[in-house]
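Q: To be precise about what I am sending: the file is called final07.txt and holds compact mmCIF, C-alpha atoms and all ligand atoms.
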```
# COMPACT_ATOMS: atom_id res chain seq x y z
CA MET A 5 0.00 0.00 0.00
CA ASP A 6 1.81 3.15 -1.25
CA ILE A 7 -0.01 6.45 -0.62
CA ILE A 8 0.70 10.08 -1.44
CA LEU A 9 -0.19 12.72 1.17
CA PHE A 10 -0.52 15.82 -0.94
CA GLY A 11 -1.20 19.46 -0.11
CA PRO A 12 0.36 22.89 0.38
CA PRO A 13 3.04 23.63 2.99
CA GLY A 14 1.44 23.69 6.42
CA ALA A 15 -1.58 21.57 5.42
CA GLY A 16 -0.73 18.93 8.03
CA LYS A 17 0.99 16.30 5.87
CA GLY A 18 3.71 15.61 8.43
CA THR A 19 1.30 15.57 11.38
CA GLN A 20 -1.15 13.24 9.64
CA GLY A 21 1.57 11.17 7.97
CA GLU A 22 3.19 10.31 11.33
CA LEU A 23 -0.18 9.20 12.76
CA LEU A 24 -1.12 7.19 9.66
CA ALA A 25 2.27 5.49 9.54
CA GLU A 26 1.87 4.32 13.13
CA ARG A 27 -1.75 3.28 12.68
CA LEU A 28 -1.30 1.42 9.38
CA GLN A 29 2.26 0.17 9.98
CA LEU A 30 3.60 2.05 6.97
CA GLN A 31 6.84 3.96 6.49
CA ARG A 32 6.72 7.73 5.97
CA LEU A 33 9.04 9.21 3.38
CA ALA A 34 9.22 13.01 3.68
CA THR A 35 11.61 14.45 1.10
CA GLY A 36 11.84 17.71 3.11
CA ASP A 37 13.08 15.74 6.15
CA LEU A 38 15.66 13.86 4.04
CA LEU A 39 16.93 17.18 2.65
CA ARG A 40 17.12 18.77 6.12
CA ASP A 41 19.04 15.73 7.42
CA ALA A 42 21.50 16.07 4.53
CA GLY A 43 21.80 19.80 5.32
CA ARG A 44 22.59 19.10 9.00
CA GLN A 45 25.19 16.52 8.00
CA GLY A 46 26.72 19.11 5.62
CA THR A 47 26.88 16.72 2.62
CA PRO A 48 27.36 18.32 -0.84
CA LEU A 49 23.73 17.43 -1.65
CA GLY A 50 22.55 19.00 1.62
CA ARG A 51 24.52 22.18 0.93
CA GLU A 52 23.12 22.46 -2.61
CA ALA A 53 19.54 21.83 -1.44
CA LYS A 54 19.78 24.41 1.36
CA ARG A 55 20.06 27.30 -1.11
CA TYR A 56 16.75 26.39 -2.74
CA MET A 57 14.99 25.58 0.53
CA GLU A 58 15.91 28.85 2.21
CA ALA A 59 14.52 30.74 -0.80
CA GLY A 60 11.28 28.72 -0.74
CA GLU A 61 12.03 27.27 -4.19
CA LEU A 62 11.91 23.63 -5.25
CA VAL A 63 15.06 21.53 -5.18
CA PRO A 64 15.85 20.16 -8.71
CA ASP A 65 13.95 17.01 -9.72
CA ALA A 66 17.13 14.98 -10.32
CA VAL A 67 18.31 15.53 -6.72
CA ILE A 68 14.91 14.53 -5.32
CA MET A 69 14.60 11.43 -7.52
CA GLY A 70 18.07 10.30 -6.45
CA LEU A 71 17.01 10.43 -2.79
CA VAL A 72 13.69 8.67 -3.41
CA ARG A 73 15.24 5.92 -5.51
CA GLU A 74 17.86 5.24 -2.85
CA TYR A 75 15.18 5.08 -0.13
CA LEU A 76 12.84 2.79 -2.09
CA GLU A 77 15.64 0.44 -3.16
CA GLU A 78 17.23 0.17 0.26
CA ASP A 79 14.78 1.01 3.03
CA ALA A 80 11.20 0.47 1.89
CA GLU A 81 10.12 -2.81 3.44
CA SER A 82 6.43 -2.01 3.86
CA GLY A 83 4.07 0.39 2.13
CA VAL A 84 5.19 4.00 1.99
CA ILE A 85 3.40 7.28 2.73
CA PHE A 86 4.98 9.91 0.48
CA ASP A 87 4.88 13.31 2.22
CA GLY A 88 5.83 16.42 0.26
CA PHE A 89 6.66 14.36 -2.81
CA PRO A 90 6.02 14.46 -5.75
CA ARG A 91 5.97 18.24 -6.19
CA THR A 92 6.26 18.46 -10.00
CA GLU A 93 4.74 16.47 -12.85
CA ALA A 94 8.24 15.24 -13.78
CA GLN A 95 8.61 13.79 -10.25
CA ALA A 96 5.16 12.16 -10.48
CA ARG A 97 6.03 10.47 -13.78
CA ALA A 98 9.42 9.35 -12.49
CA LEU A 99 7.76 7.92 -9.35
CA ASP A 100 5.27 5.91 -11.43
CA GLU A 101 8.16 4.49 -13.45
CA LEU A 102 10.23 3.71 -10.38
CA LEU A 103 7.35 1.99 -8.58
CA ALA A 104 6.56 -0.09 -11.70
CA GLU A 105 10.24 -1.12 -11.88
CA LEU A 106 10.04 -2.26 -8.24
CA GLY A 107 6.69 -4.06 -8.73
CA ARG A 108 4.71 -1.58 -6.60
CA SER A 109 1.99 0.91 -7.38
CA LEU A 110 0.14 3.84 -5.82
CA CYS A 111 -3.23 3.17 -4.27
CA ALA A 112 -4.35 6.74 -3.59
CA VAL A 113 -3.48 10.41 -3.51
CA ALA A 114 -5.02 12.17 -0.46
CA VAL A 115 -5.10 15.93 -0.92
CA LEU A 116 -5.34 18.03 2.27
CA THR A 117 -6.97 21.42 1.64
CA VAL A 118 -6.58 24.42 3.99
CA PRO A 119 -7.19 28.14 3.24
CA ASP A 120 -3.98 30.13 2.59
CA GLU A 121 -4.27 32.52 5.56
CA GLN A 122 -4.63 29.60 7.93
CA LEU A 123 -1.57 27.99 6.32
CA ILE A 124 0.49 31.13 7.03
CA ARG A 125 -0.63 31.08 10.70
CA ARG A 126 0.22 27.41 11.02
CA ILE A 127 3.63 27.72 9.35
CA SER A 128 4.73 30.77 11.34
CA GLY A 129 3.90 29.00 14.64
CA ARG A 130 5.44 25.64 13.73
CA CYS A 131 8.29 24.24 15.82
CA THR A 132 9.79 20.79 15.34
CA CYS A 133 11.98 18.38 17.21
CA PRO A 134 15.22 17.80 15.24
CA GLN A 135 15.75 14.58 17.22
CA CYS A 136 12.47 12.63 16.89
CA GLY A 137 10.60 14.67 14.26
CA ALA A 138 7.60 15.60 16.48
CA VAL A 139 5.74 18.69 15.21
CA TYR A 140 4.17 21.35 17.46
CA ASN A 141 2.63 24.77 17.04
CA GLN A 142 3.39 27.68 19.36
CA HIS A 143 -0.18 28.98 19.03
CA LEU A 144 -2.34 25.99 18.10
CA ASP A 145 -0.66 22.95 19.68
CA PRO A 146 2.12 24.01 22.08
CA PRO A 147 4.41 21.50 23.83
CA ARG A 148 3.86 21.05 27.59
CA VAL A 149 7.10 22.92 28.37
CA ALA A 150 7.82 25.81 25.98
CA GLY A 151 10.67 25.02 23.58
CA THR A 152 11.04 21.38 24.72
CA CYS A 153 9.85 18.20 22.99
CA ASP A 154 7.19 16.30 25.01
CA ARG A 155 8.43 12.97 23.66
CA CYS A 156 12.23 13.12 23.88
CA HIS A 157 12.91 16.42 25.78
CA SER A 158 15.18 17.79 23.03
CA ALA A 159 15.19 21.54 22.31
CA LEU A 160 12.65 22.43 19.61
CA VAL A 161 13.69 24.46 16.57
CA GLN A 162 11.96 26.73 14.12
CA ARG A 163 12.66 26.01 10.47
CA ALA A 164 14.68 28.66 8.58
CA ASP A 165 12.04 28.69 5.80
CA ASP A 166 9.06 29.18 8.15
CA ASP A 167 9.20 33.00 8.25
CA GLU A 168 6.20 34.71 6.67
CA ALA A 169 7.88 35.96 3.46
CA THR A 170 9.36 32.55 2.60
CA ALA A 171 6.09 30.82 3.52
CA ARG A 172 4.22 33.07 1.08
CA ARG A 173 6.73 32.22 -1.68
CA ARG A 174 6.30 28.50 -0.91
CA LEU A 175 2.52 28.88 -1.32
CA GLU A 176 3.06 30.53 -4.74
CA VAL A 177 5.41 27.73 -5.77
CA TYR A 178 2.79 25.20 -4.64
CA ALA A 179 0.07 26.89 -6.74
CA GLN A 180 2.28 27.20 -9.83
CA GLN A 181 4.29 23.98 -9.86
CA THR A 182 2.79 21.47 -7.45
CA ARG A 183 -1.02 21.77 -7.46
CA PRO A 184 -1.12 20.85 -11.22
CA VAL A 185 0.27 17.40 -10.28
CA ILE A 186 -3.29 16.57 -9.08
CA CYS A 187 -4.43 16.80 -12.75
CA TYR A 188 -1.68 14.34 -13.71
CA TYR A 189 -3.09 11.74 -11.30
CA GLU A 190 -6.67 12.43 -12.43
CA ARG A 191 -5.56 11.87 -16.04
CA THR A 192 -3.63 8.70 -15.33
CA GLY A 193 -6.29 7.10 -13.11
CA THR A 194 -4.72 7.01 -9.62
CA PRO A 195 -7.63 7.69 -7.20
CA VAL A 196 -7.50 11.29 -5.88
CA ARG A 197 -9.37 12.07 -2.64
CA HIS A 198 -9.78 15.60 -1.27
CA VAL A 199 -9.92 16.00 2.52
CA ALA A 200 -10.71 19.19 4.46
CA GLY A 201 -7.51 19.78 6.42
CA ASP A 202 -8.85 22.77 8.41
CA ARG A 203 -10.41 20.50 11.03
CA PRO A 204 -8.97 19.25 14.34
CA VAL A 205 -6.08 16.78 13.90
CA ASP A 206 -8.03 13.72 15.11
CA GLU A 207 -10.98 14.51 12.82
CA VAL A 208 -8.72 14.80 9.76
CA GLN A 209 -7.06 11.52 10.77
CA ARG A 210 -10.44 9.74 11.02
CA THR A 211 -11.45 10.99 7.58
CA LEU A 212 -8.14 9.83 6.07
CA LEU A 213 -8.48 6.38 7.64
CA GLU A 214 -12.04 6.06 6.34
CA LEU A 215 -11.13 6.94 2.80
CA LEU A 216 -8.05 4.72 2.75
CA ALA A 217 -10.14 1.79 3.97
CA ARG A 218 -12.39 2.06 0.89
P1 LIG B 301 3.07 20.06 6.46
O1 LIG B 301 3.86 18.80 6.73
O2 LIG B 301 1.94 19.83 5.48
O3 LIG B 301 3.92 21.23 6.07
P2 LIG B 301 2.69 20.08 9.38
O4 LIG B 301 2.13 18.73 9.68
O5 LIG B 301 4.12 20.33 9.71
O6 LIG B 301 2.36 20.47 7.83
O7 LIG B 301 1.76 21.15 10.12
C1 LIG B 301 2.03 22.56 10.02
C2 LIG B 301 1.72 23.23 11.37
O8 LIG B 301 0.31 23.19 11.58
C3 LIG B 301 2.36 22.54 12.58
O9 LIG B 301 2.75 23.53 13.51
C4 LIG B 301 1.23 21.67 13.14
O10 LIG B 301 1.36 21.52 14.55
C5 LIG B 301 -0.01 22.48 12.79
N1 LIG B 301 -1.17 21.63 12.45
C6 LIG B 301 -1.18 20.47 11.74
N2 LIG B 301 -2.43 19.98 11.61
C7 LIG B 301 -3.25 20.87 12.23
C8 LIG B 301 -4.67 20.95 12.45
N3 LIG B 301 -5.50 20.01 11.96
N4 LIG B 301 -5.15 22.00 13.13
C9 LIG B 301 -4.31 22.97 13.61
N5 LIG B 301 -2.97 22.96 13.45
C10 LIG B 301 -2.44 21.92 12.77
P1 LIG B 302 8.74 20.48 3.30
O1 LIG B 302 9.51 19.92 4.46
O2 LIG B 302 7.93 19.43 2.57
O3 LIG B 302 7.91 21.68 3.67
O4 LIG B 302 9.82 20.97 2.25
C1 LIG B 302 10.74 21.99 2.57
C2 LIG B 302 11.51 22.41 1.32
O5 LIG B 302 12.29 21.32 0.83
C3 LIG B 302 10.66 22.85 0.12
O6 LIG B 302 10.26 24.22 0.20
C4 LIG B 302 11.62 22.59 -1.04
O7 LIG B 302 12.62 23.58 -1.12
C5 LIG B 302 12.31 21.30 -0.60
N1 LIG B 302 11.60 20.08 -1.06
C6 LIG B 302 11.04 19.12 -0.27
N2 LIG B 302 10.50 18.14 -1.02
C7 LIG B 302 10.71 18.50 -2.31
C8 LIG B 302 10.36 17.92 -3.56
N3 LIG B 302 9.67 16.77 -3.63
N4 LIG B 302 10.72 18.58 -4.69
C9 LIG B 302 11.42 19.73 -4.64
N5 LIG B 302 11.77 20.34 -3.49
C10 LIG B 302 11.42 19.74 -2.34
```
Please express what this file holds, its structure, as C-alpha cells.
Ligand code: ADP
Ligand code: AMP

A:
Amino acid sequence: MDIILFGPPGAGKGTQGELLAERLQLQRLATGDLLRDAGRQGTPLGREAKRYMEAGELVPDAVIMGLVREYLEEDAESGVIFDGFPRTEAQARALDELLAELGRSLCAVAVLTVPDEQLIRRISGRCTCPQCGAVYNQHLDPPRVAGTCDRCHSALVQRADDDEATARRRLEVYAQQTRPVICYYERTGTPVRHVAGDRPVDEVQRTLLELLAR
C-alpha cells in the first residue's frame, strides 16, 4: 500500500503522515526531512539543497529522484506514505516508473486542503523536534514545556524557511508547480481524494483512515 499525502506547505501532511504510519504500519518518506538531514550533516547534496529551501524554491527534480530511488531500493520494506513528494509532474512520472520497476503501485493520492491565511498562521507557529521529528505549534498545539519536545525532551527548533515571506513564496510555488500534479493523477487514473484539512487533527485523521479503507 503506497499512498501520497498531498497538499500545500502547512496543510498537516507531516502531522497526519506520522499518525497514519503508526496506525497502518507504513513507512513515511518526507523528502523535506531527508533534505534537512542532509543539510545538517553538511553533505554536498545538503549544501546544494539548502540554497533552494531557504529561498522557498523547489530543489531540482534529479536531486529529489536520487534520494527517493535510494530510499525505495534500500529502506522500503512495507508500504510507503509519500509526504511532500512528488511536487512536480516530472517527479510524479518518475515515481510511477520507479514503482513499476520495483513491482509496486500507488493506491491513492489524499489531498489536504486548507485556506492560505490559515496555512500562514500554522507555518509561522510551527516548531519541530530535530531529534524525533515531532511537530508542534506555538499557538495551536504548544508543547507542555515551551521550547522542549514532550516525547524526547530535546530543544525544539523553528525552520529557517518558516518566516512569513518565505512561507508566502512557498505557497506561490505550490500553486504554480505542485497543485497541477493533481491533474496528472486524475488523467492517469490514480484515485484522488480531497480531505478538508482545516479541522482538528483527530478529525482529519479519522477521515483519512475512512477513505483509505475504501
Ligand atoms: P506540512 O507537513 O503539510 O507542512 P505540518 O504537519 O508540519 O504540515 O503542520 C504545520 C503546522 O500546523 C504545525 O505547527 C502543526 O502543529 C499544525 N497543524 C497540523 N495539523 C493541524 C490541524 N489540523 N489544526 C491545527 N494545526 C495543525
Ligand atoms: P517540506 O519539508 O515538505 O515543507 O519541504 C521543505 C523544502 O524542501 C521545500 O520548500 C523545497 O525547497 C524542498 N523540497 C522538499 N520536497 C521537495 C520535492 N519533492 N521537490 C522539490 N523540493 C522539495

Q: Leaving out Gln29 in chain A and any residue of its chain fewer than 3 positions from it, which residues lie within 12 Å of it when counting all atoms listed in the file, given as a list in words?

A: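 Answer for this query is Met5, Asp6, Gly21, Glu22, Leu23, Leu24, Ala25, Glu26, Arg32, Glu81, Ser82, Gly83, Val84 and Ile85 of chain A.
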
Q: Kindly work out which residues sit at most 8 Å from ligand LIG 302 (chain B), using all atoms listed in the file, and give the list as a count of residues only.

A: 30

Q: Within 8 Å of range 155-160 of chain A, counting all atoms listed in the file, which residues qualify if same-chain residues fewer than 5 places away don't, as a list of chain:residue names?

A: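 So the residues in contact are A:Cys131, A:Thr132, A:Cys133, A:Pro134, A:Gln135, A:Cys136, A:Ala138.
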
Q: Residues at most 9 Å from range 180-192 of chain A, counting only C-alpha atoms, excluding those fewer than 5 positions away in the same chain, as a VMD selection string?

A: chain A and resid 10 to 12 62 90 to 94 96 to 97 113 115 175

Q: Sorted by chain and rising residue number, list the residues of chain A at most 9 Å from ligand LIG 301 (chain B) (counting only C-alpha atoms and all ligand atoms), each with its closest atom pair and distance in Å to one decimal, as JSON lines.

A:
```
{"residue": "A:Leu9", "atom": "CA", "partner": "B:LIG301", "partner_atom": "O2", "distance": 8.6}
{"residue": "A:Phe10", "atom": "CA", "partner": "B:LIG301", "partner_atom": "O2", "distance": 8.0}
{"residue": "A:Gly11", "atom": "CA", "partner": "B:LIG301", "partner_atom": "O2", "distance": 6.4}
{"residue": "A:Pro12", "atom": "CA", "partner": "B:LIG301", "partner_atom": "O2", "distance": 6.2}
{"residue": "A:Pro13", "atom": "CA", "partner": "B:LIG301", "partner_atom": "O3", "distance": 4.0}
{"residue": "A:Gly14", "atom": "CA", "partner": "B:LIG301", "partner_atom": "O3", "distance": 3.5}
{"residue": "A:Ala15", "atom": "CA", "partner": "B:LIG301", "partner_atom": "O2", "distance": 3.9}
{"residue": "A:Gly16", "atom": "CA", "partner": "B:LIG301", "partner_atom": "O4", "distance": 3.3}
{"residue": "A:Lys17", "atom": "CA", "partner": "B:LIG301", "partner_atom": "O2", "distance": 3.7}
{"residue": "A:Gly18", "atom": "CA", "partner": "B:LIG301", "partner_atom": "O1", "distance": 3.6}
{"residue": "A:Thr19", "atom": "CA", "partner": "B:LIG301", "partner_atom": "O4", "distance": 3.7}
{"residue": "A:Gln20", "atom": "CA", "partner": "B:LIG301", "partner_atom": "O4", "distance": 6.4}
{"residue": "A:Gly21", "atom": "CA", "partner": "B:LIG301", "partner_atom": "O4", "distance": 7.8}
{"residue": "A:Glu22", "atom": "CA", "partner": "B:LIG301", "partner_atom": "O4", "distance": 8.6}
{"residue": "A:Ala34", "atom": "CA", "partner": "B:LIG301", "partner_atom": "O1", "distance": 8.5}
{"residue": "A:Gly36", "atom": "CA", "partner": "B:LIG301", "partner_atom": "O1", "distance": 8.8}
{"residue": "A:Asp87", "atom": "CA", "partner": "B:LIG301", "partner_atom": "O1", "distance": 7.2}
{"residue": "A:Gly88", "atom": "CA", "partner": "B:LIG301", "partner_atom": "O1", "distance": 7.2}
{"residue": "A:Leu116", "atom": "CA", "partner": "B:LIG301", "partner_atom": "O2", "distance": 8.2}
{"residue": "A:Gln122", "atom": "CA", "partner": "B:LIG301", "partner_atom": "C9", "distance": 8.7}
{"residue": "A:Leu123", "atom": "CA", "partner": "B:LIG301", "partner_atom": "O8", "distance": 7.4}
{"residue": "A:Arg125", "atom": "CA", "partner": "B:LIG301", "partner_atom": "O8", "distance": 8.0}
{"residue": "A:Arg126", "atom": "CA", "partner": "B:LIG301", "partner_atom": "O8", "distance": 4.3}
{"residue": "A:Ile127", "atom": "CA", "partner": "B:LIG301", "partner_atom": "C2", "distance": 5.3}
{"residue": "A:Ser128", "atom": "CA", "partner": "B:LIG301", "partner_atom": "O9", "distance": 7.8}
{"residue": "A:Gly129", "atom": "CA", "partner": "B:LIG301", "partner_atom": "O9", "distance": 5.7}
{"residue": "A:Arg130", "atom": "CA", "partner": "B:LIG301", "partner_atom": "O9", "distance": 3.4}
{"residue": "A:Cys131", "atom": "CA", "partner": "B:LIG301", "partner_atom": "O9", "distance": 6.0}
{"residue": "A:Thr132", "atom": "CA", "partner": "B:LIG301", "partner_atom": "O9", "distance": 7.8}
{"residue": "A:Ala138", "atom": "CA", "partner": "B:LIG301", "partner_atom": "O10", "distance": 8.8}
{"residue": "A:Val139", "atom": "CA", "partner": "B:LIG301", "partner_atom": "O10", "distance": 5.3}
{"residue": "A:Tyr140", "atom": "CA", "partner": "B:LIG301", "partner_atom": "O10", "distance": 4.0}
{"residue": "A:Asn141", "atom": "CA", "partner": "B:LIG301", "partner_atom": "O9", "distance": 3.7}
{"residue": "A:Gln142", "atom": "CA", "partner": "B:LIG301", "partner_atom": "O9", "distance": 7.2}
{"residue": "A:His143", "atom": "CA", "partner": "B:LIG301", "partner_atom": "O9", "distance": 8.3}
{"residue": "A:Leu144", "atom": "CA", "partner": "B:LIG301", "partner_atom": "N5", "distance": 5.6}
{"residue": "A:Asp145", "atom": "CA", "partner": "B:LIG301", "partner_atom": "O10", "distance": 5.7}
{"residue": "A:Pro146", "atom": "CA", "partner": "B:LIG301", "partner_atom": "O10", "distance": 8.0}
{"residue": "A:Gly201", "atom": "CA", "partner": "B:LIG301", "partner_atom": "N3", "distance": 5.9}
{"residue": "A:Asp202", "atom": "CA", "partner": "B:LIG301", "partner_atom": "N3", "distance": 5.6}
{"residue": "A:Arg203", "atom": "CA", "partner": "B:LIG301", "partner_atom": "N3", "distance": 5.0}
{"residue": "A:Pro204", "atom": "CA", "partner": "B:LIG301", "partner_atom": "N3", "distance": 4.3}
{"residue": "A:Val205", "atom": "CA", "partner": "B:LIG301", "partner_atom": "N3", "distance": 3.8}
{"residue": "A:Asp206", "atom": "CA", "partner": "B:LIG301", "partner_atom": "N3", "distance": 7.5}
{"residue": "A:Glu207", "atom": "CA", "partner": "B:LIG301", "partner_atom": "N3", "distance": 7.8}
{"residue": "A:Val208", "atom": "CA", "partner": "B:LIG301", "partner_atom": "N3", "distance": 6.5}
{"residue": "A:Gln209", "atom": "CA", "partner": "B:LIG301", "partner_atom": "N3", "distance": 8.7}
```

Q: By how many Å are CA of Ala114 in chain A and CA of Val196 in chain A apart?

A: 6.0 Å

Q: A:Ala42, A:Leu103, A:Ile124, A:Ala200: which is nearest Thr170 in chain A, counting all atoms listed in the file?

A: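 Smallest distance to Thr170 in chain A is found for A:Ile124.
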
Q: Mind giving me the straight-line distance from CA of Thr211 in chain A to CA of Glu121 in chain A in Å, one decimal?

A: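 Here the two named atoms are 22.8 Å from each other.
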
Q: Mind pulling up the distance from CA of Leu102 in chain A to CA of Leu76 in chain A?

A: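 Distance between the two atoms: 8.7 Å.
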
Q: Which residue is closest to Leu216 in chain A? Choose from A:Val118, A:Gly137, A:Leu33, A:Val199 and count only C-alpha atoms.

A: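 Among A:Val118, A:Gly137, A:Leu33, A:Val199, it is A:Val199 that comes nearest to Leu216 in chain A.
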
Q: To box range 6-20 of chain A, take all atoms listed in the file, fit an axis-aligned box, add 4 Å on each side, and give centre and edge lengths in Å to one decimal, as AutoDock Vina command-line options.

A:
```
--center_x 1.1 --center_y 13.4 --center_z 5.0 --size_x 13.3 --size_y 28.5 --size_z 20.8
```

Q: N, CA, C and O atoms are what I want for range 61-73 of chain A; can you complete it accordingly and write them as a compact mmCIF listing (two decimals), keeping the file's coordinate frame?

A:
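Writing done, so here's result_36.txt:
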```txt
# COMPACT_ATOMS: atom_id res chain seq x y z
N GLU A 61 12.13 27.83 -2.84
CA GLU A 61 12.03 27.27 -4.19
C GLU A 61 12.16 25.74 -4.13
O GLU A 61 12.64 25.20 -3.14
N LEU A 62 11.79 25.09 -5.22
CA LEU A 62 11.91 23.63 -5.25
C LEU A 62 13.35 23.21 -5.55
O LEU A 62 14.05 23.84 -6.35
N VAL A 63 13.75 22.14 -4.92
CA VAL A 63 15.06 21.53 -5.18
C VAL A 63 14.93 20.78 -6.53
O VAL A 63 13.85 20.22 -6.82
N PRO A 64 15.98 20.78 -7.38
CA PRO A 64 15.85 20.16 -8.71
C PRO A 64 15.37 18.70 -8.66
O PRO A 64 15.73 17.94 -7.75
N ASP A 65 14.56 18.35 -9.67
CA ASP A 65 13.95 17.01 -9.72
C ASP A 65 14.99 15.89 -9.62
O ASP A 65 14.75 14.87 -8.96
N ALA A 66 16.14 16.07 -10.30
CA ALA A 66 17.13 14.98 -10.32
C ALA A 66 17.65 14.68 -8.92
O ALA A 66 17.87 13.52 -8.56
N VAL A 67 17.83 15.72 -8.10
CA VAL A 67 18.31 15.53 -6.72
C VAL A 67 17.26 14.75 -5.92
O VAL A 67 17.57 13.78 -5.22
N ILE A 68 16.00 15.16 -6.07
CA ILE A 68 14.91 14.53 -5.32
C ILE A 68 14.76 13.06 -5.74
O ILE A 68 14.65 12.16 -4.90
N MET A 69 14.81 12.80 -7.06
CA MET A 69 14.60 11.43 -7.52
C MET A 69 15.74 10.52 -7.07
O MET A 69 15.53 9.34 -6.79
N GLY A 70 16.95 11.09 -6.96
CA GLY A 70 18.07 10.30 -6.45
C GLY A 70 17.81 9.84 -5.02
O GLY A 70 18.01 8.67 -4.67
N LEU A 71 17.30 10.77 -4.20
CA LEU A 71 17.01 10.43 -2.79
C LEU A 71 15.89 9.38 -2.69
O LEU A 71 15.98 8.44 -1.90
N VAL A 72 14.85 9.57 -3.50
CA VAL A 72 13.69 8.67 -3.41
C VAL A 72 14.07 7.27 -3.90
O VAL A 72 13.70 6.26 -3.28
N ARG A 73 14.83 7.23 -4.99
CA ARG A 73 15.24 5.92 -5.51
C ARG A 73 16.07 5.16 -4.45
O ARG A 73 15.82 3.99 -4.18
```
